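Undergrad: Below is the file model30.cif, with mmCIF, C-alpha atoms, pLDDT in the B column; chains and numbers go by the auth columns.
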```cif
data_start
loop_
_atom_site.group_PDB
_atom_site.id
_atom_site.type_symbol
_atom_site.label_atom_id
_atom_site.label_comp_id
_atom_site.label_asym_id
_atom_site.label_seq_id
_atom_site.Cartn_x
_atom_site.Cartn_y
_atom_site.Cartn_z
_atom_site.B_iso_or_equiv
_atom_site.auth_seq_id
_atom_site.auth_asym_id
ATOM 1 C CA ALA A 1 0.000 0.000 0.000 73.00 1 J
ATOM 2 C CA ALA A 2 2.827 2.392 0.822 75.00 2 J
ATOM 3 C CA ALA A 3 4.560 1.559 -2.434 79.00 3 J
ATOM 4 C CA SER A 4 1.400 2.168 -4.473 73.00 4 J
ATOM 5 C CA SER A 5 0.776 5.550 -2.873 71.00 5 J
ATOM 6 C CA LEU A 6 4.395 6.680 -3.211 76.00 6 J
ATOM 7 C CA THR A 7 4.383 5.911 -6.948 75.00 7 J
ATOM 8 C CA ALA A 8 2.157 8.997 -7.230 68.00 8 J
ATOM 9 C CA LEU A 9 5.205 11.009 -6.125 73.00 9 J
ATOM 10 C CA GLY A 10 7.315 9.656 -8.976 77.00 10 J
ATOM 11 C CA LEU A 11 8.976 6.679 -7.267 80.00 11 J
ATOM 12 C CA THR A 12 8.993 3.228 -8.825 84.00 12 J
ATOM 13 C CA HIS A 13 7.022 0.532 -7.034 83.00 13 J
ATOM 14 C CA ILE A 14 10.184 -1.088 -5.660 88.00 14 J
ATOM 15 C CA TRP A 15 11.659 2.181 -4.381 88.00 15 J
ATOM 16 C CA GLY A 16 8.269 3.132 -2.962 84.00 16 J
ATOM 17 C CA ALA A 17 8.233 -0.105 -0.975 86.00 17 J
ATOM 18 C CA ILE A 18 11.809 0.432 0.238 89.00 18 J
ATOM 19 C CA VAL A 19 11.185 4.022 1.335 87.00 19 J
ATOM 20 C CA GLY A 20 7.893 3.081 2.983 83.00 20 J
ATOM 21 C CA VAL A 21 9.400 0.210 4.969 85.00 21 J
ATOM 22 C CA VAL A 22 12.400 2.268 6.129 87.00 22 J
ATOM 23 C CA LEU A 23 10.197 5.152 7.285 84.00 23 J
ATOM 24 C CA ILE A 24 7.745 2.880 9.097 83.00 24 J
ATOM 25 C CA VAL A 25 10.443 0.869 10.881 84.00 25 J
ATOM 26 C CA ALA A 26 12.379 4.013 11.882 84.00 26 J
ATOM 27 C CA PHE A 27 9.223 5.684 13.183 80.00 27 J
ATOM 28 C CA THR A 28 8.213 2.631 15.206 81.00 28 J
ATOM 29 C CA VAL A 29 11.680 2.155 16.711 81.00 29 J
ATOM 30 C CA LEU A 30 11.863 5.805 17.790 80.00 30 J
ATOM 31 C CA SER A 31 8.326 6.265 19.125 77.00 31 J
ATOM 32 C CA GLY A 32 6.995 2.908 20.309 77.00 32 J
ATOM 33 C CA MET A 33 3.438 2.614 21.607 78.00 33 J
ATOM 34 C CA TRP A 34 3.284 6.286 22.621 79.00 34 J
ATOM 35 C CA GLY A 35 3.988 7.250 19.020 75.00 35 J
ATOM 36 C CA VAL A 36 1.253 4.890 17.832 76.00 36 J
ATOM 37 C CA ALA A 37 -1.280 6.504 20.179 78.00 37 J
ATOM 38 C CA VAL A 38 -0.384 10.108 19.315 79.00 38 J
ATOM 39 C CA THR A 39 -0.123 9.602 15.564 75.00 39 J
ATOM 40 C CA ASP A 40 -3.327 7.569 15.475 78.00 40 J
ATOM 41 C CA ALA A 41 -5.224 10.678 16.558 80.00 41 J
ATOM 42 C CA ILE A 42 -3.501 12.825 13.917 79.00 42 J
ATOM 43 C CA GLN A 43 -3.833 10.200 11.223 78.00 43 J
ATOM 44 C CA PHE A 44 -7.529 9.748 11.990 81.00 44 J
ATOM 45 C CA VAL A 45 -8.167 13.406 11.196 83.00 45 J
ATOM 46 C CA VAL A 46 -6.043 13.272 8.024 81.00 46 J
ATOM 47 C CA ILE A 47 -7.719 10.090 6.791 80.00 47 J
ATOM 48 C CA VAL A 48 -11.286 11.218 7.478 85.00 48 J
ATOM 49 C CA VAL A 49 -10.925 14.736 6.093 84.00 49 J
ATOM 50 C CA GLY A 50 -8.791 13.613 3.161 82.00 50 J
ATOM 51 C CA LEU A 51 -11.027 10.797 1.979 83.00 51 J
ATOM 52 C CA ILE A 52 -14.207 12.845 2.367 89.00 52 J
ATOM 53 C CA ILE A 53 -12.728 15.584 0.141 87.00 53 J
ATOM 54 C CA VAL A 54 -11.496 13.039 -2.399 85.00 54 J
ATOM 55 C CA THR A 55 -14.834 11.217 -2.446 89.00 55 J
ATOM 56 C CA VAL A 56 -16.790 14.443 -3.036 91.00 56 J
ATOM 57 C CA ILE A 57 -14.510 15.315 -5.975 90.00 57 J
ATOM 58 C CA ALA A 58 -14.626 11.772 -7.408 90.00 58 J
ATOM 59 C CA VAL A 59 -18.417 11.500 -7.158 91.00 59 J
ATOM 60 C CA GLY A 60 -18.772 14.909 -8.824 92.00 60 J
ATOM 61 C CA ALA A 61 -16.412 13.906 -11.639 90.00 61 J
ATOM 62 C CA ALA A 62 -18.406 10.701 -12.160 90.00 62 J
ATOM 63 C CA GLY A 63 -21.614 12.697 -12.662 91.00 63 J
ATOM 64 C CA GLY A 64 -23.121 12.345 -9.208 92.00 64 J
ATOM 65 C CA PHE A 65 -24.835 9.509 -7.375 92.00 65 J
ATOM 66 C CA ALA A 66 -27.591 9.225 -10.005 91.00 66 J
ATOM 67 C CA THR A 67 -25.053 8.510 -12.762 92.00 67 J
ATOM 68 C CA ILE A 68 -23.178 6.058 -10.545 92.00 68 J
ATOM 69 C CA ALA A 69 -26.398 4.200 -9.721 91.00 69 J
ATOM 70 C CA GLU A 70 -27.411 4.102 -13.392 90.00 70 J
ATOM 71 C CA THR A 71 -24.012 2.723 -14.424 90.00 71 J
ATOM 72 C CA PHE A 72 -24.131 -0.094 -11.884 89.00 72 J
ATOM 73 C CA GLU A 73 -27.745 -0.923 -12.671 88.00 73 J
ATOM 74 C CA THR A 74 -26.861 -1.137 -16.374 87.00 74 J
ATOM 75 C CA ALA A 75 -24.114 -3.582 -15.427 84.00 75 J
ATOM 76 C CA GLY A 76 -26.694 -5.750 -13.653 84.00 76 J
ATOM 77 C CA VAL A 77 -26.279 -4.570 -10.058 83.00 77 J
ATOM 78 C CA SER A 78 -29.697 -3.749 -8.637 83.00 78 J
ATOM 79 C CA GLN A 79 -29.872 -1.232 -5.792 85.00 79 J
ATOM 80 C CA PRO A 80 -26.116 -0.491 -5.862 87.00 80 J
ATOM 81 C CA PHE A 81 -26.278 1.655 -2.702 88.00 81 J
ATOM 82 C CA ASN A 82 -28.069 -1.013 -0.679 86.00 82 J
ATOM 83 C CA PRO A 83 -25.521 -2.916 1.464 83.00 83 J
ATOM 84 C CA LEU A 84 -27.842 -5.917 1.481 83.00 84 J
ATOM 85 C CA ASN A 85 -28.400 -6.042 -2.277 81.00 85 J
ATOM 86 C CA GLN A 86 -26.552 -9.382 -2.432 81.00 86 J
ATOM 87 C CA GLY A 87 -28.300 -10.867 0.573 85.00 87 J
ATOM 88 C CA TRP A 88 -27.532 -11.300 4.259 89.00 88 J
ATOM 89 C CA SER A 89 -25.197 -14.235 3.641 89.00 89 J
ATOM 90 C CA PHE A 90 -22.872 -12.145 1.462 86.00 90 J
ATOM 91 C CA PHE A 91 -23.026 -9.216 3.888 85.00 91 J
ATOM 92 C CA LEU A 92 -22.218 -11.363 6.919 89.00 92 J
ATOM 93 C CA GLY A 93 -19.561 -13.271 4.990 89.00 93 J
ATOM 94 C CA ALA A 94 -17.798 -9.996 4.242 84.00 94 J
ATOM 95 C CA ALA A 95 -18.313 -8.368 7.657 84.00 95 J
ATOM 96 C CA LEU A 96 -17.922 -11.128 10.240 87.00 96 J
ATOM 97 C CA PRO A 97 -14.312 -12.135 9.448 87.00 97 J
ATOM 98 C CA VAL A 98 -13.219 -8.521 9.902 81.00 98 J
ATOM 99 C CA VAL A 99 -15.192 -8.083 13.129 82.00 99 J
ATOM 100 C CA VAL A 100 -14.062 -11.372 14.654 84.00 100 J
ATOM 101 C CA HIS A 101 -10.440 -10.702 13.732 79.00 101 J
ATOM 102 C CA LYS A 102 -10.501 -7.242 15.293 76.00 102 J
ATOM 103 C CA LEU A 103 -11.956 -8.592 18.539 78.00 103 J
ATOM 104 C CA VAL A 104 -8.827 -10.667 19.147 77.00 104 J
ATOM 105 C CA GLY A 105 -6.244 -8.873 16.998 76.00 105 J
ATOM 106 C CA GLN A 106 -3.099 -8.099 18.977 76.00 106 J
ATOM 107 C CA ASP A 107 -2.596 -4.849 17.098 73.00 107 J
ATOM 108 C CA VAL A 108 -6.056 -3.717 18.248 76.00 108 J
ATOM 109 C CA MET A 109 -5.912 -5.030 21.806 79.00 109 J
ATOM 110 C CA GLN A 110 -2.534 -3.372 22.432 79.00 110 J
ATOM 111 C CA ARG A 111 -4.334 -0.031 22.301 79.00 111 J
ATOM 112 C CA VAL A 112 -6.929 -1.277 24.792 82.00 112 J
ATOM 113 C CA PHE A 113 -4.275 -2.544 27.201 82.00 113 J
ATOM 114 C CA SER A 114 -2.380 0.747 26.890 80.00 114 J
ATOM 115 C CA ALA A 115 -5.407 2.836 27.888 84.00 115 J
ATOM 116 C CA ARG A 116 -5.239 4.977 31.022 85.00 116 J
ATOM 117 C CA SER A 117 -8.171 3.172 32.637 89.00 117 J
ATOM 118 C CA ALA A 118 -10.797 0.516 31.982 90.00 118 J
ATOM 119 C CA ARG A 119 -13.357 3.274 31.394 91.00 119 J
ATOM 120 C CA SER A 120 -11.116 4.961 28.813 89.00 120 J
ATOM 121 C CA ALA A 121 -10.556 1.644 27.069 88.00 121 J
ATOM 122 C CA ALA A 122 -14.293 0.907 26.885 90.00 122 J
ATOM 123 C CA MET A 123 -15.217 4.404 25.697 90.00 123 J
ATOM 124 C CA GLY A 124 -12.415 4.484 23.137 87.00 124 J
ATOM 125 C CA ALA A 125 -13.357 1.107 21.701 85.00 125 J
ATOM 126 C CA GLY A 126 -17.038 2.056 21.506 88.00 126 J
ATOM 127 C CA ILE A 127 -16.435 5.438 19.864 89.00 127 J
ATOM 128 C CA ALA A 128 -13.937 3.951 17.414 84.00 128 J
ATOM 129 C CA GLY A 129 -16.395 1.213 16.434 84.00 129 J
ATOM 130 C CA VAL A 130 -19.237 3.630 15.750 88.00 130 J
ATOM 131 C CA LEU A 131 -17.056 6.074 13.791 87.00 131 J
ATOM 132 C CA THR A 132 -15.502 3.275 11.739 83.00 132 J
ATOM 133 C CA ALA A 133 -18.919 1.868 10.815 84.00 133 J
ATOM 134 C CA LEU A 134 -20.168 5.311 9.762 86.00 134 J
ATOM 135 C CA PHE A 135 -17.012 6.177 7.822 87.00 135 J
ATOM 136 C CA ALA A 136 -16.905 2.851 5.967 85.00 136 J
ATOM 137 C CA VAL A 137 -19.269 4.187 3.295 88.00 137 J
ATOM 138 C CA VAL A 138 -16.847 6.952 2.256 89.00 138 J
ATOM 139 C CA PRO A 139 -14.139 4.836 0.549 86.00 139 J
ATOM 140 C CA ALA A 140 -16.922 2.650 -0.876 88.00 140 J
ATOM 141 C CA PHE A 141 -18.428 5.676 -2.625 91.00 141 J
ATOM 142 C CA ALA A 142 -14.973 6.665 -3.909 88.00 142 J
ATOM 143 C CA GLY A 143 -14.493 3.177 -5.322 87.00 143 J
ATOM 144 C CA MET A 144 -17.904 3.208 -6.997 90.00 144 J
ATOM 145 C CA ALA A 145 -17.161 6.591 -8.560 91.00 145 J
ATOM 146 C CA ALA A 146 -13.828 5.290 -9.821 88.00 146 J
ATOM 147 C CA ARG A 147 -15.609 2.301 -11.370 87.00 147 J
ATOM 148 C CA VAL A 148 -17.651 4.747 -13.442 90.00 148 J
ATOM 149 C CA LEU A 149 -14.650 6.888 -14.344 90.00 149 J
ATOM 150 C CA PHE A 150 -12.335 3.954 -15.176 88.00 150 J
ATOM 151 C CA PRO A 151 -14.470 1.037 -16.391 85.00 151 J
ATOM 152 C CA ASP A 152 -11.424 -0.810 -17.762 82.00 152 J
ATOM 153 C CA LEU A 153 -9.040 -0.038 -14.897 77.00 153 J
ATOM 154 C CA ASP A 154 -6.241 -2.565 -14.425 74.00 154 J
ATOM 155 C CA PRO A 155 -6.706 -4.066 -10.914 70.00 155 J
ATOM 156 C CA THR A 156 -2.935 -3.935 -10.348 68.00 156 J
ATOM 157 C CA VAL A 157 -3.006 -0.141 -10.691 68.00 157 J
ATOM 158 C CA GLY A 158 -5.530 0.480 -7.938 72.00 158 J
ATOM 159 C CA VAL A 159 -8.337 2.991 -7.612 77.00 159 J
ATOM 160 C CA MET A 160 -6.524 5.653 -5.612 74.00 160 J
ATOM 161 C CA PRO A 161 -3.467 5.995 -7.890 75.00 161 J
ATOM 162 C CA ALA A 162 -5.848 6.271 -10.848 79.00 162 J
ATOM 163 C CA LEU A 163 -7.812 9.058 -9.138 80.00 163 J
ATOM 164 C CA ILE A 164 -4.562 10.850 -8.289 76.00 164 J
ATOM 165 C CA SER A 165 -3.274 10.651 -11.846 75.00 165 J
ATOM 166 C CA ASP A 166 -6.404 11.495 -13.843 79.00 166 J
ATOM 167 C CA VAL A 167 -9.087 13.146 -11.711 82.00 167 J
ATOM 168 C CA LEU A 168 -7.874 15.004 -8.647 79.00 168 J
ATOM 169 C CA PRO A 169 -6.271 18.455 -8.662 84.00 169 J
ATOM 170 C CA VAL A 170 -2.755 18.600 -7.235 81.00 170 J
ATOM 171 C CA TRP A 171 -3.836 19.790 -3.778 82.00 171 J
ATOM 172 C CA ALA A 172 -6.455 17.043 -3.444 79.00 172 J
ATOM 173 C CA ALA A 173 -3.993 14.429 -4.702 78.00 173 J
ATOM 174 C CA GLY A 174 -1.569 15.551 -2.000 79.00 174 J
ATOM 175 C CA ILE A 175 -4.264 15.138 0.670 78.00 175 J
ATOM 176 C CA LEU A 176 -5.108 11.661 -0.634 75.00 176 J
ATOM 177 C CA VAL A 177 -1.469 10.552 -0.629 77.00 177 J
ATOM 178 C CA ALA A 178 -1.132 11.840 2.949 77.00 178 J
ATOM 179 C CA ALA A 179 -4.304 9.965 3.936 75.00 179 J
ATOM 180 C CA ILE A 180 -3.104 6.694 2.389 75.00 180 J
ATOM 181 C CA ILE A 181 0.340 6.944 3.981 77.00 181 J
ATOM 182 C CA SER A 182 -1.290 7.823 7.318 75.00 182 J
ATOM 183 C CA ALA A 183 -3.481 4.727 7.120 76.00 183 J
ATOM 184 C CA VAL A 184 -0.488 2.554 6.202 79.00 184 J
ATOM 185 C CA VAL A 185 1.675 3.895 9.034 77.00 185 J
ATOM 186 C CA SER A 186 -1.187 3.610 11.535 75.00 186 J
ATOM 187 C CA THR A 187 -1.577 -0.074 10.689 79.00 187 J
ATOM 188 C CA ALA A 188 2.036 -1.046 10.081 82.00 188 J
ATOM 189 C CA ASP A 189 3.532 0.396 13.276 80.00 189 J
ATOM 190 C CA ALA A 190 0.909 -1.411 15.369 80.00 190 J
ATOM 191 C CA LEU A 191 1.585 -4.714 13.569 82.00 191 J
ATOM 192 C CA LEU A 192 5.328 -4.291 14.048 83.00 192 J
ATOM 193 C CA LEU A 193 4.866 -3.697 17.762 81.00 193 J
ATOM 194 C CA ALA A 194 2.556 -6.711 17.937 80.00 194 J
ATOM 195 C CA ALA A 195 5.157 -9.005 16.384 81.00 195 J
ATOM 196 C CA VAL A 196 7.976 -7.645 18.522 80.00 196 J
ATOM 197 C CA SER A 197 5.984 -7.891 21.764 78.00 197 J
ATOM 198 C CA ASN A 198 5.272 -11.546 20.973 77.00 198 J
ATOM 199 C CA ILE A 199 8.961 -12.185 20.321 78.00 199 J
ATOM 200 C CA SER A 200 9.996 -10.339 23.491 74.00 200 J
ATOM 201 C CA ASN A 201 7.468 -11.920 25.853 74.00 201 J
ATOM 202 C CA ASP A 202 7.214 -15.417 24.409 75.00 202 J
ATOM 203 C CA PHE A 203 10.857 -15.962 23.506 75.00 203 J
ATOM 204 C CA LEU A 204 13.331 -13.410 24.827 71.00 204 J
ATOM 205 C CA LEU A 205 11.983 -13.438 28.399 69.00 205 J
ATOM 206 C CA ARG A 206 12.890 -17.116 28.567 70.00 206 J
ATOM 207 C CA ILE A 207 16.549 -16.208 28.025 67.00 207 J
ATOM 208 C CA LYS A 208 17.983 -15.381 31.459 56.00 208 J
ATOM 209 C CA SER A 209 20.695 -13.136 30.039 56.00 209 J
ATOM 210 C CA VAL A 210 18.102 -10.737 28.597 55.00 210 J
ATOM 211 C CA ARG A 211 17.341 -7.996 31.121 58.00 211 J
ATOM 212 C CA ASP A 212 16.250 -4.912 29.205 56.00 212 J
ATOM 213 C CA ILE A 213 13.180 -5.943 27.232 57.00 213 J
ATOM 214 C CA PRO A 214 12.373 -2.440 25.825 59.00 214 J
ATOM 215 C CA ALA A 215 15.921 -2.067 24.459 59.00 215 J
ATOM 216 C CA THR A 216 15.859 -5.605 23.084 57.00 216 J
ATOM 217 C CA SER A 217 12.517 -4.928 21.438 57.00 217 J
ATOM 218 C CA ARG A 218 13.911 -1.870 19.665 59.00 218 J
ATOM 219 C CA ILE A 219 16.750 -4.019 18.330 59.00 219 J
ATOM 220 C CA ALA A 220 14.282 -6.691 17.187 58.00 220 J
ATOM 221 C CA LEU A 221 12.067 -4.214 15.304 57.00 221 J
ATOM 222 C CA PRO A 222 14.331 -3.634 12.291 57.00 222 J
ATOM 223 C CA ALA A 223 15.501 -7.234 12.415 53.00 223 J
#
```
Taking this structure as input, can you express it in the form of structure tokens?
TA:
Amino acid sequence: AAASSLTALGLTHIWGAIVGVVLIVAFTVLSGMWGVAVTDAIQFVVIVVGLIIVTVIAVGAAGGFATIAETFETAGVSQPFNPLNQGWSFFLGAALPVVVHKLVGQDVMQRVFSARSARSAAMGAGIAGVLTALFAVVPAFAGMAARVLFPDLDPTVGVMPALISDVLPVWAAGILVAAIISAVVSTADALLLAAVSNISNDFLLRIKSVRDIPATSRIALPA
């Protein structure tokens, strides 16, 4: 994801991946869980504001919701804006794996365990769940608009790079790139910490010579 977004800045896919990985690892090593918590708040604002702006522009360029609906209906998709248009089984099959995974995902639970209190953890999880459910329609609308704008889009290119290249003005493209990178960093640093905490607690703590777990974890991150 980082590589795809950085190609919009002129980098090749390989160099985009290299730069993205180096930045993410360096950021995680330097900031740890505190950095994850602080940047999550900043990245949330960037992602929400950025994608809303991009979606408004993309939907407008596609001719509005009426044109989008007509295009999908012509392609055989009835009620394209109805999340249950393919039945409850499809909806639950798409939603439940994500929900169940997040309930036990280490990268999610690390934020809960890092909360100041049980009340803060409960409120934060509840607010995040509601906001995520409400915001989920925004990238879906952007994708539907892109389907109208680029009916023959190569799946390997991706919707967002195509919008950046052919639809969005420079300032909006910059916001979208920032939003994508923010989302990538927000996910990647948490996953890195999850892997390293497992290594530290399940393996390194069993080695009697290891005393400083935080320092050892920072060494294990880039490794």
Undergrad: Which residue gives the smallest distance to Gly16 (chain J) among J:Val104, J:Val167, J:Leu96, J:Ile181, with all atoms listed in the file counted?
TA: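 For Gly16 (chain J), the nearest of the candidates is J:Ile181.
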Undergrad: List the residues selected by the PyMOL selection byres ((chain J and resi 35) around 12) in the file shown, writing them as a PyMOL selection string.
TA: chain J and resi 24+26-34+36-43+111+185-186+189-190+193
Undergrad: What separation in Å, quoted to one decimal, exists between CA of Val77 (chain J) and CA of Ala146 (chain J)?
TA: 15.9 Å
Undergrad: Need to verify the contact set: Pro139 (chain J), 12 Å, all atoms listed in the file, exclusion of same-chain residues closer than 6 positions in sequence. Can you return it as an mmCIF file with C-alpha atoms, in the coordinates of the input?
TA:
```cif
data_model
loop_
_atom_site.group_PDB
_atom_site.id
_atom_site.type_symbol
_atom_site.label_atom_id
_atom_site.label_comp_id
_atom_site.auth_asym_id
_atom_site.auth_seq_id
_atom_site.Cartn_x
_atom_site.Cartn_y
_atom_site.Cartn_z
ATOM 1 C CA ILE J 47 -7.719 10.090 6.791
ATOM 2 C CA VAL J 48 -11.286 11.218 7.478
ATOM 3 C CA VAL J 49 -10.925 14.736 6.093
ATOM 4 C CA GLY J 50 -8.791 13.613 3.161
ATOM 5 C CA LEU J 51 -11.027 10.797 1.979
ATOM 6 C CA ILE J 52 -14.207 12.845 2.367
ATOM 7 C CA ILE J 53 -12.728 15.584 0.141
ATOM 8 C CA VAL J 54 -11.496 13.039 -2.399
ATOM 9 C CA THR J 55 -14.834 11.217 -2.446
ATOM 10 C CA VAL J 56 -16.790 14.443 -3.036
ATOM 11 C CA ALA J 58 -14.626 11.772 -7.408
ATOM 12 C CA VAL J 59 -18.417 11.500 -7.158
ATOM 13 C CA THR J 132 -15.502 3.275 11.739
ATOM 14 C CA ALA J 133 -18.919 1.868 10.815
ATOM 15 C CA ALA J 145 -17.161 6.591 -8.560
ATOM 16 C CA ALA J 146 -13.828 5.290 -9.821
ATOM 17 C CA VAL J 159 -8.337 2.991 -7.612
ATOM 18 C CA MET J 160 -6.524 5.653 -5.612
ATOM 19 C CA LEU J 176 -5.108 11.661 -0.634
ATOM 20 C CA ALA J 179 -4.304 9.965 3.936
ATOM 21 C CA ILE J 180 -3.104 6.694 2.389
#
```
Undergrad: I'd like to know which of J:Val19, J:Val99, J:Ala62, J:Val45 is closest to Gly129 (chain J), using all atoms listed in the file.
TA: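 Using all atoms listed in the file, Gly129 (chain J) sits closest to J:Val99.
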Undergrad: Separation of CA of Thr74 (chain J) and CA of Leu149 (chain J), in Å?
TA: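 So the answer is 14.8 Å.
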Undergrad: Distance CA of Ala140 (chain J)-CA of Phe81 (chain J), one decimal place?
TA: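 One can read the CA of Ala140 (chain J) to CA of Phe81 (chain J) distance as 9.6 Å.
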Undergrad: When you count all atoms listed in the file, which of these residues is closest to Ala173 (chain J): J:Leu9, J:Gly124, J:Phe203, J:Ala1?
TA: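 Closest to Ala173 (chain J), using all atoms listed in the file: J:Leu9.
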Undergrad: Name the residues in contact with Gly20 (chain J) at a cut-off of 8 Å, using all atoms listed in the file, excluding same-chain residues fewer than 5 positions from it; report them as JSON, numbers by chain.
TA: {"J": [2, 3, 6]}
Undergrad: Nearest residue to Gly63 (chain J) out of J:Leu23, J:Ile18, J:Val148, J:Val98, using all atoms listed in the file?
TA: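 The answer is J:Val148, which sits nearest to Gly63 (chain J).
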Undergrad: Between J:Leu134, J:Gln110, J:Ser120, J:Ala142, which has the minimum distance to Phe65 (chain J) (counting only C-alpha atoms)?
TA: J:Ala142
